[in-house]
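Chemist: Pasting a structure below so you can have a look.
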Amino acid sequence: MDSEEVADLAVPPTISTTPAAPAASAAPTSCKKSRKKKEKAEAREAAREGGDEAGRVEAIKGLTRAGQRALALGAGREAVGCFRKALLLSRDTLSPQLHRACAFNLGAAYVETGKPKKGLEFLLQSQPSELESGDHLGSLYFSIGAAHEGLQDFPKALECSENVAGRAGATQTSGRAGICVQMGCCYLGMREPARAARCFLDAAQTYAAAESPEAAAVALSRASGSMLQSRCFRAAEIARVLARCRSLCESIPDPALRGKLYNDIGLGYSQLHIFSLAAESFERALGLCGGEQGQDRRQEAALLQNLGAAHNALRSFGTALRWHRRAATLHGALGNRRAQGQCFGNLAYACSQLGNHGAAAESYLHALQAFRDSGDLQGQWQACEGLGAACFHLGDPQKSIGHYQEALILLSHCQEEAQAIDQELFNEYKFSVDQLMELAGLSCATAIAKVGILGDRRGSWHGGLSWATARAYPPSSFTTSQPAVLVICGPGNNGGDGLVCARHLKMFGYQPTVYYPKQPSKPLFEGLTTQCKKMDIPFLPEFPAEAAFIDELYGLVVDAIFGFSFKGAVREPFGSILSTLERVTVPIASIDIPSGWDVEKGKADGLQPDMLISLTAPKKAAMHFTGRYHFLGGRFVPPALQEKYALNLPAYPGTDCVLQLT
């Protein structure tokens with residue numbers, strides 16, 4: 001769902017004509033010649049306006065008042081011009097404190113108008129010496145903190161906020177609450193949403209005590225969002241915060257702010273799966289959304305879309321239809337094709353649940369075209385999947401198969417995105433190889449052992465098929481006396497995934513045996529090998545020479561030899577191993593890609609597994625897979641990365657780490 005952001009709580013810079021900051025030892029930065037000429041001209045003009053010492057001081061006061069008025073009216077450039085003239089005049093006064101106060105005012109104005117780097121330059125020029133009064137240090141540290149926050153230097157911004165909190169000037173209620181808000185923003189920037197939530201909650205309590213319901217409600221809204229993001233709070237705690245925010249909304253006179261808060265509350269309830277309250281909040285927000293301005297119309301479209309999605313979740317599909325249609329029409333009028341496609345998808349799902357598969361197919365076609373226009377691959381494959389289901393119900397299996405094949409091809413285009421995400425997981429999010437290997441191996445073992453359902457997927461914008469439950473390879477299905485599994489591991493990370501898979505299969509009641517002919521002498525792989533051996537998982541010294549031996553001894557083979565990055569000719573002993581595997585009759589489950597396949601073209605005369613477990617995203621070769629079971633595994637991509645890369649992956653059901661695709 002598209003959400004309308006609530007405006008940040010902002011504390012305006014403290015503008016003063018009294019000494020607020022000390023002289024700085026930093027040297028002035030270099031400027032271009034044109035800028036120097038401009039400053040000289042302004043200095044000459046300021047000198048003419050100022051006259052003698054008393055006249056200059058009065059002129060500075062007048063310019064400061066004019067700058068304050070300009071800031072209050074949102075005229076940032078005019079305010080900066082006034083404060084800059086005041087600073088130029090102050091250079092010729094006998095009061096260094098006055099000069100530093102003017103530098104502080106100019107720096108704070110730059111921060112307020114979205115130029116934190118420039119503002120920080122002047123704020124640092126206004127730091128007091130140890131011998132001078134620190135009465136105004138609270139305002140100075142607050143503004144410097146805001147500048148660092150604007151520069152995304154969150155630890156430094158947090159340090160400044162803590163300095164403010166420890167000063168007497170922070171004893172005023174609004175000051176304390178503002179500091180809590182700024183600290184919360186810093187913690188969010190540092191990816192510590194739980195600590196941010198507590199700061200916002202403290203701010204809300206302080207604002208409520210000061211009888212400022214608008215500020216308290218916004219702080220509570222931000223707190224609930226941070227609590228949801230952190231996943232450290234119980235649903236009941238978050239619901240209480242949302243209820244408090246909701247109760248404050250009625251006392252807020254500004255309808256625009258009240259509408260944005262109700263929308264945020266609705267989104268919060270949606271994430272808690274309290275869809276009845278979500279729908280009620282969205283309707284209240286919609287009633288406050290009016291006017292013909294573009295922003296109001298975009299907000300209205302988002303609310304209509306949210307309302308339809310909430311009613312889909314409530315399974316009140318008849319009511320949902322009108323919201324979907326209105327949302328699709330308005331998004332189309334605004335030129336937002338991607339959102340319009342989402343609305344058509346929601347509409348199609350509601351129609352399918354009401355048994356109107358013809359209308360569902362028509363809406364899925366509209367959704368597919370909208371997603372093509374906007375370049376949304378995820379939307380395209382979901383629309384194709386929906387079309388496949390609709391055609392199946394309409395009695396056209398050939399069209400249904402064609403749409404499912406197109407969906408699989410589109411899903412395979414996620415490969416490059418998945419590779420980029422892997423690199424960012426390592427470099428930016430500091431995941432380690434063994435962490436991701438553990439999650440991948442667990443996914444593979446789960447796919448083998450678990451009941452896989454192609455069921456009711458309502459995680460994003462439409463549903464799926466209601467197919468029968470399909471168990472892959474339960475231990476009871478094995479014809480051998482024990483549920484014996486042969487896990488064949490290659491020398492790279494795919495082999496490591498196989499070792500983790502073997503360990504988890506043992507925990508799931510299977511009897512795995514590992515063949516690991518080329519064991520790397522690296523601590524990671526040595527550790528994985530030791531873990532298996534300590535769990536009494538045997539390692540074969542030699543590979544069975546005949547396929548018939550494998551058929552007799554094992555009920556399943558796990559292919560963990562080569563991954564998608566493998567290129568070139570297959571060397572021994574793996575060439576002979578793959579040749580033997582091509583002749584076995586027991587099922588083979590391949591991890592990420594069948595070994596020996598080209599990552600895009602597959603290999604028609606190569607290994608043909610019964611199961612494929614794609615990790616992170618299906619590779620292009622997956623479109624050539626003809627086995628019975630295709631699973632997607634590797635549920636470890638953080639939501640922020642999925643959003644950044646618009647990762648085109650389906651929603652996993654519930655708490656599952658795998659999703660059955662076919």
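Numbering starts fresh at 1 for the residues of each chain in the structure tokens, the chains themselves are lettered A, B, ... in the order given, and ligands are numbered from 1 as they appear.
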Using only C-alpha atoms, which residues of segment 278-354 of chain A come within 12 Å of segment 390-401 of chain A, and what is the closest atom pair for each, with the distance in Å to one decimal? Give it as CSV, sorted by chain and residue number.

Modeler:
```
residue,atom,partner,partner_atom,distance
A:Ala348,CA,A:Ala390,CA,9.3
A:Tyr349,CA,A:Ala390,CA,9.7
A:Cys351,CA,A:Ala390,CA,10.1
A:Ser352,CA,A:Ala390,CA,7.4
A:Gln353,CA,A:Ala390,CA,10.7
```

Chemist: For the residues selected in the previous step, produce a file with N, CA and C atoms as a CSV table (one decimal), in the first residue's frame.

Modeler:
```csv
chain,number,residue,atom,x,y,z
A,348,ALA,N,-9.3,-7.6,-9.3
A,348,ALA,CA,-9.3,-9.0,-9.9
A,348,ALA,C,-9.5,-10.0,-8.8
A,349,TYR,N,-8.7,-9.9,-7.7
A,349,TYR,CA,-8.7,-10.9,-6.7
A,349,TYR,C,-10.1,-10.9,-6.0
A,351,CYS,N,-12.9,-10.1,-7.4
A,351,CYS,CA,-13.9,-10.7,-8.4
A,351,CYS,C,-13.7,-12.2,-8.4
A,352,SER,N,-12.5,-12.7,-8.3
A,352,SER,CA,-12.2,-14.2,-8.3
A,352,SER,C,-12.8,-14.8,-7.1
A,353,GLN,N,-12.7,-14.1,-5.9
A,353,GLN,CA,-13.3,-14.7,-4.7
A,353,GLN,C,-14.8,-14.7,-4.7
```

Chemist: Using atom CA of Ser247 of chain A and atom CA of Ala217 of chain A as the two end points, give the distance in Å to one decimal.

Modeler: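 A separation of 8.8 Å between them.
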
Chemist: If you run DSSP on the backbone, which residues of segment 526-655 of chain A are helix (DSSP H, G or I), as JSON, numbers by chain?

Modeler: {"A": [526, 527, 528, 529, 530, 531, 532, 533, 534, 547, 548, 549, 550, 551, 552, 553, 574, 575, 576, 577, 578, 579, 580, 581, 620, 621, 622, 623, 624, 639, 640, 641, 642, 643, 644]}

Chemist: Might you pull out every residue within 10 Å of Arg77 of chain A, with only C-alpha atoms counted and same-chain residues fewer than 3 positions away left off, and present them as a CSV table (one decimal) with C-alpha atoms, in the first residue's frame?

Modeler:
```
chain,number,residue,atom,x,y,z
A,67,GLY,CA,14.8,37.1,9.3
A,70,ALA,CA,10.7,35.4,7.0
A,71,LEU,CA,11.4,32.0,8.5
A,74,GLY,CA,8.5,29.9,5.1
A,80,VAL,CA,19.1,33.8,5.0
A,81,GLY,CA,19.6,37.1,3.2
A,82,CYS,CA,18.6,39.0,6.3
A,109,ALA,CA,18.5,29.4,9.2
A,110,TYR,CA,20.6,27.4,6.7
A,113,THR,CA,16.0,25.7,4.9
```

Chemist: Can you tell me, as a PDB file with C-alpha atoms, in the first residue's frame, what residues are no more than 8 Å from His403 of chain A when counting only C-alpha atoms, ignoring any on the same chain fewer than 5 positions away?

Modeler:
```pdb
ATOM      1  CA  CYS A 384       0.241 -13.478 -15.140  1.00  0.00           C
ATOM      2  CA  GLU A 385      -0.206 -15.890 -12.253  1.00  0.00           C
ATOM      3  CA  LEU A 387      -4.516 -14.789 -15.323  1.00  0.00           C
ATOM      4  CA  GLY A 388      -3.408 -18.413 -15.220  1.00  0.00           C
TER       5      GLY A 388
END
```

Chemist: Please determine, counting only C-alpha atoms, which residue among A:Ala301, A:Ile421, A:Ile613, A:Ala350 has the shortest atom-to-atom distance to Ala447 of chain A.

Modeler: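 Using only C-alpha atoms, Ala447 of chain A sits closest to A:Ile613.
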